[in-house]
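See below for the structure under consideration.
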Amino acid sequence: DAKTTQPTSMDCAEGRAANLPCNHSTISGNEYVYWYRQIHSQGPQYIIHGLKNNETNEMASLIITEDRKSSTLILPHATLRDTAVYYCIVRVQHGSSNTGKLIFGQGTTLQVKP
Amino acid sequence: DGGITQSPKYLFRKEGQNVTLSCEQNLNHDAMYWYRQDPGQGLRLIYYSQIVNDFQKGDIAEGYSVSREKKESFPLTVTSAQKNPTAFYLCASSIVGRNSGNTIYFGEGSWLTVV
């Protein structure tokens, strides 16, 4: 079972910031928060990941609360091409017992509107 | 550009036939993976390989086979023993190493339909 909880769907106006929340209240100390997105009929696209510090890359920012029980993915200027299902995942970054194990929950369907 | 290439994108199989899905990566990643995704469902791990000439079963390996003769290639064969093969198949790869991170990157996927 997924260890994360996300809203089923969200809308965002084109050009505005999209803030996608994720709850992971049972996250362990050695588990990272990963974000992927998937457009219909395509493979999941890696976006960003973090452990406890906030992270930023060319695609998005990841804000992790101090207690690590929740996080927010921020797309600073959403475009129509950002419409997709966004998945928040927690996993241990290393360790043979979880090799390849990616438990995708239902994700959040983000609809960017003109 | 570096990436993971899966082929074919769409494949139709008659019942009783084996089919092979190709996966090639030029990212110089050590580990490669095969997943299956059914409509509205999450990913299920079929097989993975962390080094050439070695591979391990995932959660749903029955009816599938793989080989890893080259670092960049990890083909998946869906055999006739797989009773419900119609699905979206995803190949992925990652670096292996405690200090390098092991983010998993995906190909574009292959749709297999049994007719």
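Lettering and numbering for the structure tokens are positional, with chains as A, B, ... in the shown order, residues counted from 1 in each chain, and ligands counted from 1 in the shown order.
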Could you please select, counting only C-alpha atoms, the residues of chain B within 6 Å of chain A and state them as a PyMOL selection string?
chain B and resi 42+106-109
Write to file, as an mmCIF file, in the first residue's frame, the residues of the selection just made, with all heavy atoms.
data_model
loop_
_atom_site.group_PDB
_atom_site.id
_atom_site.type_symbol
_atom_site.label_atom_id
_atom_site.label_comp_id
_atom_site.auth_asym_id
_atom_site.auth_seq_id
_atom_site.Cartn_x
_atom_site.Cartn_y
_atom_site.Cartn_z
ATOM 1 N N GLY B 42 -1.265 1.181 -10.044
ATOM 2 C CA GLY B 42 0.120 1.571 -9.864
ATOM 3 C C GLY B 42 1.051 0.640 -10.617
ATOM 4 O O GLY B 42 0.628 -0.165 -11.446
ATOM 5 N N PHE B 106 12.375 6.407 -16.277
ATOM 6 C CA PHE B 106 11.533 5.528 -17.077
ATOM 7 C C PHE B 106 11.620 5.802 -18.571
ATOM 8 O O PHE B 106 11.876 6.932 -19.006
ATOM 9 C CB PHE B 106 10.066 5.689 -16.658
ATOM 10 C CG PHE B 106 9.757 5.134 -15.308
ATOM 11 C CD1 PHE B 106 9.947 5.901 -14.170
ATOM 12 C CD2 PHE B 106 9.293 3.841 -15.171
ATOM 13 C CE1 PHE B 106 9.678 5.391 -12.912
ATOM 14 C CE2 PHE B 106 9.012 3.317 -13.914
ATOM 15 C CZ PHE B 106 9.200 4.090 -12.786
ATOM 16 N N GLY B 107 11.371 4.743 -19.338
ATOM 17 C CA GLY B 107 11.151 4.888 -20.767
ATOM 18 C C GLY B 107 9.719 5.321 -21.044
ATOM 19 O O GLY B 107 8.948 5.576 -20.115
ATOM 20 N N GLU B 108 9.364 5.378 -22.321
ATOM 21 C CA GLU B 108 8.047 5.865 -22.707
ATOM 22 C C GLU B 108 6.970 4.795 -22.658
ATOM 23 O O GLU B 108 5.793 5.092 -22.805
ATOM 24 C CB GLU B 108 8.109 6.459 -24.118
ATOM 25 C CG GLU B 108 8.848 7.787 -24.171
ATOM 26 C CD GLU B 108 8.177 8.821 -23.281
ATOM 27 O OE1 GLU B 108 6.987 9.108 -23.483
ATOM 28 O OE2 GLU B 108 8.857 9.330 -22.349
ATOM 29 N N GLY B 109 7.360 3.562 -22.480
ATOM 30 C CA GLY B 109 6.385 2.494 -22.317
ATOM 31 C C GLY B 109 6.013 1.791 -23.605
ATOM 32 O O GLY B 109 6.171 2.326 -24.703
#
Name all residues at most 8 Å from region 89-92 of chain B (count only C-alpha atoms; drop same-chain ones fewer than 5 positions away) and give them as a PyMOL selection string.
(chain A and resi 43) or (chain B and resi 4+6+23+32-37+104-112)
I'd like the contact shell of region 73-87 of chain B - 10 Å cut-off, only C-alpha atoms, skipping same-chain residues fewer than 3 positions apart - returned as a PyMOL selection string.
chain B and resi 4-7+11-26+31-34+36-39+46-49+52+55+61-70+90-93+110-115
Near-region 11-20 of chain A list (8 Å; only C-alpha atoms; drop same-chain fewer than 2 positions) as a PyMOL selection string
chain A and resi 9+22+72-80+108+110-114
For a test of reading the model, state the distance in Å between CA of Pro7 (chain A) and CA of Arg44 (chain B), rounded to one decimal.
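Separation between CA of Pro7 (chain A) and CA of Arg44 (chain B): 22.3 Å.
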Using only C-alpha atoms, pick whichever of B:Gly58, B:Gln50, B:Val96, B:Phe88 has the shortest atom-to-atom distance to Pro8 (chain B).
B:Phe88
Check the DSSP output for the backbone and give back, as a VMD selection string, the residues of region 16-100 of chain A in helix (DSSP H, G or I).
chain A and resid 80 to 82 96 to 98
Using only C-alpha atoms, which residues sit within 9 Å of Lys69 (chain A) once same-chain residues fewer than 6 positions away are excluded, as a PyMOL selection string?
chain A and resi 22-27
Suppose we keep C-alpha atoms; can you now write the selection as a compact mmCIF listing (two decimals), in the first residue's frame?
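Wrote it out as part.txt, contents follow:
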# COMPACT_ATOMS: atom_id res chain seq x y z
CA CYS A 22 1.28 15.21 -0.06
CA ASN A 23 0.88 13.67 3.37
CA HIS A 24 3.35 11.01 4.49
CA SER A 25 2.85 10.89 8.23
CA THR A 26 4.45 7.45 8.65
CA ILE A 27 7.65 8.28 6.77
Just how far from CA of Tyr10 (chain B) is CA of Leu27 (chain B), in Å to one decimal?
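Interatomic distance here is 23.9 Å.
Atom to atom, CA of Glu66 (chain A) and CA of Lys52 (chain A) stand 7.2 Å apart.
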Mind checking DSSP for region 32-104 of chain B and telling me the strand (DSSP E or B) residues as a compact mmCIF listing (two decimals) with N, CA, C and O atoms, in the first residue's frame?
# COMPACT_ATOMS: atom_id res chain seq x y z
N MET B 32 18.61 -1.94 -14.26
CA MET B 32 17.46 -1.80 -15.16
C MET B 32 16.29 -2.59 -14.60
O MET B 32 16.49 -3.57 -13.87
N TYR B 33 15.09 -2.14 -14.94
CA TYR B 33 13.87 -2.69 -14.35
C TYR B 33 12.78 -2.82 -15.40
O TYR B 33 12.73 -2.07 -16.36
N TRP B 34 11.87 -3.75 -15.16
CA TRP B 34 10.65 -3.84 -15.93
C TRP B 34 9.46 -3.81 -14.97
O TRP B 34 9.43 -4.51 -13.97
N TYR B 35 8.49 -2.95 -15.34
CA TYR B 35 7.26 -2.83 -14.58
C TYR B 35 6.07 -3.08 -15.50
O TYR B 35 6.13 -2.88 -16.70
N ARG B 36 4.98 -3.41 -14.85
CA ARG B 36 3.71 -3.52 -15.55
C ARG B 36 2.74 -2.54 -14.90
O ARG B 36 2.69 -2.42 -13.67
N GLN B 37 1.97 -1.83 -15.73
CA GLN B 37 0.97 -0.91 -15.22
C GLN B 37 -0.36 -1.21 -15.90
O GLN B 37 -0.47 -1.17 -17.12
N LEU B 43 2.33 0.78 -10.35
CA LEU B 43 3.34 -0.04 -11.01
C LEU B 43 3.62 -1.31 -10.23
O LEU B 43 3.68 -1.29 -9.00
N ARG B 44 3.80 -2.40 -10.94
CA ARG B 44 4.21 -3.66 -10.31
C ARG B 44 5.51 -4.12 -10.96
O ARG B 44 5.63 -4.17 -12.17
N LEU B 45 6.47 -4.48 -10.12
CA LEU B 45 7.81 -4.83 -10.57
C LEU B 45 7.82 -6.27 -11.08
O LEU B 45 7.44 -7.18 -10.36
N ILE B 46 8.31 -6.45 -12.31
CA ILE B 46 8.36 -7.77 -12.91
C ILE B 46 9.75 -8.40 -12.69
O ILE B 46 9.87 -9.47 -12.12
N TYR B 47 10.78 -7.75 -13.16
CA TYR B 47 12.16 -8.20 -13.01
C TYR B 47 13.05 -6.98 -12.87
O TYR B 47 12.72 -5.89 -13.33
N TYR B 48 14.21 -7.19 -12.28
CA TYR B 48 15.21 -6.14 -12.25
C TYR B 48 16.60 -6.76 -12.35
O TYR B 48 16.81 -7.93 -12.03
N SER B 49 17.54 -5.93 -12.77
CA SER B 49 18.91 -6.37 -12.93
C SER B 49 19.82 -5.25 -12.46
O SER B 49 19.67 -4.11 -12.88
N GLN B 50 20.76 -5.58 -11.60
CA GLN B 50 21.67 -4.57 -11.08
C GLN B 50 23.06 -4.65 -11.70
O GLN B 50 23.88 -3.76 -11.49
N ILE B 51 23.28 -5.71 -12.48
CA ILE B 51 24.59 -5.88 -13.11
C ILE B 51 24.42 -6.82 -14.30
O ILE B 51 23.49 -7.64 -14.33
N ASP B 54 23.13 -10.78 -14.60
CA ASP B 54 22.43 -11.11 -13.36
C ASP B 54 21.10 -10.40 -13.32
O ASP B 54 21.02 -9.22 -13.71
N PHE B 55 20.06 -11.07 -12.87
CA PHE B 55 18.76 -10.44 -12.73
C PHE B 55 17.97 -11.16 -11.65
O PHE B 55 18.26 -12.31 -11.30
N GLN B 56 16.99 -10.45 -11.12
CA GLN B 56 16.20 -10.97 -10.01
C GLN B 56 14.71 -10.83 -10.31
O GLN B 56 14.30 -9.89 -10.97
N LYS B 57 13.92 -11.75 -9.79
CA LYS B 57 12.48 -11.65 -9.94
C LYS B 57 11.92 -10.54 -9.06
O LYS B 57 12.38 -10.32 -7.94
N TYR B 64 7.00 -14.31 -17.40
CA TYR B 64 7.93 -13.38 -18.04
C TYR B 64 9.35 -13.93 -17.95
O TYR B 64 9.66 -14.70 -17.05
N SER B 65 10.20 -13.50 -18.89
CA SER B 65 11.61 -13.81 -18.80
C SER B 65 12.42 -12.62 -19.30
O SER B 65 11.92 -11.80 -20.07
N VAL B 66 13.65 -12.51 -18.82
CA VAL B 66 14.52 -11.40 -19.20
C VAL B 66 15.93 -11.92 -19.44
O VAL B 66 16.26 -13.06 -19.09
N LYS B 70 24.09 -7.31 -22.07
CA LYS B 70 24.82 -6.05 -22.22
C LYS B 70 24.28 -5.03 -21.22
O LYS B 70 23.09 -5.05 -20.88
N SER B 73 21.16 -2.99 -22.42
CA SER B 73 20.00 -3.66 -22.96
C SER B 73 19.36 -4.62 -21.95
O SER B 73 20.08 -5.39 -21.29
N LEU B 76 12.55 -7.85 -22.40
CA LEU B 76 11.54 -8.60 -21.65
C LEU B 76 10.74 -9.46 -22.61
O LEU B 76 10.22 -8.96 -23.61
N THR B 77 10.66 -10.75 -22.32
CA THR B 77 9.83 -11.65 -23.11
C THR B 77 8.59 -11.99 -22.33
O THR B 77 8.66 -12.44 -21.17
N VAL B 78 7.45 -11.76 -22.95
CA VAL B 78 6.16 -12.13 -22.37
C VAL B 78 5.80 -13.48 -22.97
O VAL B 78 5.57 -13.58 -24.18
N ALA B 87 -1.39 -5.09 -21.10
CA ALA B 87 -1.01 -4.08 -20.12
C ALA B 87 -0.05 -3.09 -20.76
O ALA B 87 0.38 -3.24 -21.91
N PHE B 88 0.31 -2.08 -19.98
CA PHE B 88 1.32 -1.08 -20.35
C PHE B 88 2.60 -1.49 -19.63
O PHE B 88 2.63 -1.63 -18.42
N TYR B 89 3.68 -1.69 -20.40
CA TYR B 89 4.94 -2.15 -19.83
C TYR B 89 5.96 -1.02 -19.84
O TYR B 89 6.17 -0.36 -20.86
N LEU B 90 6.60 -0.84 -18.71
CA LEU B 90 7.56 0.24 -18.53
C LEU B 90 8.93 -0.31 -18.18
O LEU B 90 9.07 -1.12 -17.27
N CYS B 91 9.92 0.16 -18.90
CA CYS B 91 11.31 -0.14 -18.60
C CYS B 91 11.91 1.06 -17.89
O CYS B 91 11.54 2.21 -18.18
N ALA B 92 12.82 0.82 -16.98
CA ALA B 92 13.42 1.90 -16.23
C ALA B 92 14.88 1.56 -15.92
O ALA B 92 15.31 0.41 -16.07
N SER B 93 15.62 2.57 -15.49
CA SER B 93 17.01 2.33 -15.12
C SER B 93 17.43 3.28 -14.02
O SER B 93 16.78 4.32 -13.79
N SER B 94 18.51 2.92 -13.34
CA SER B 94 19.05 3.79 -12.30
C SER B 94 20.52 3.47 -12.08
O SER B 94 21.00 2.40 -12.44
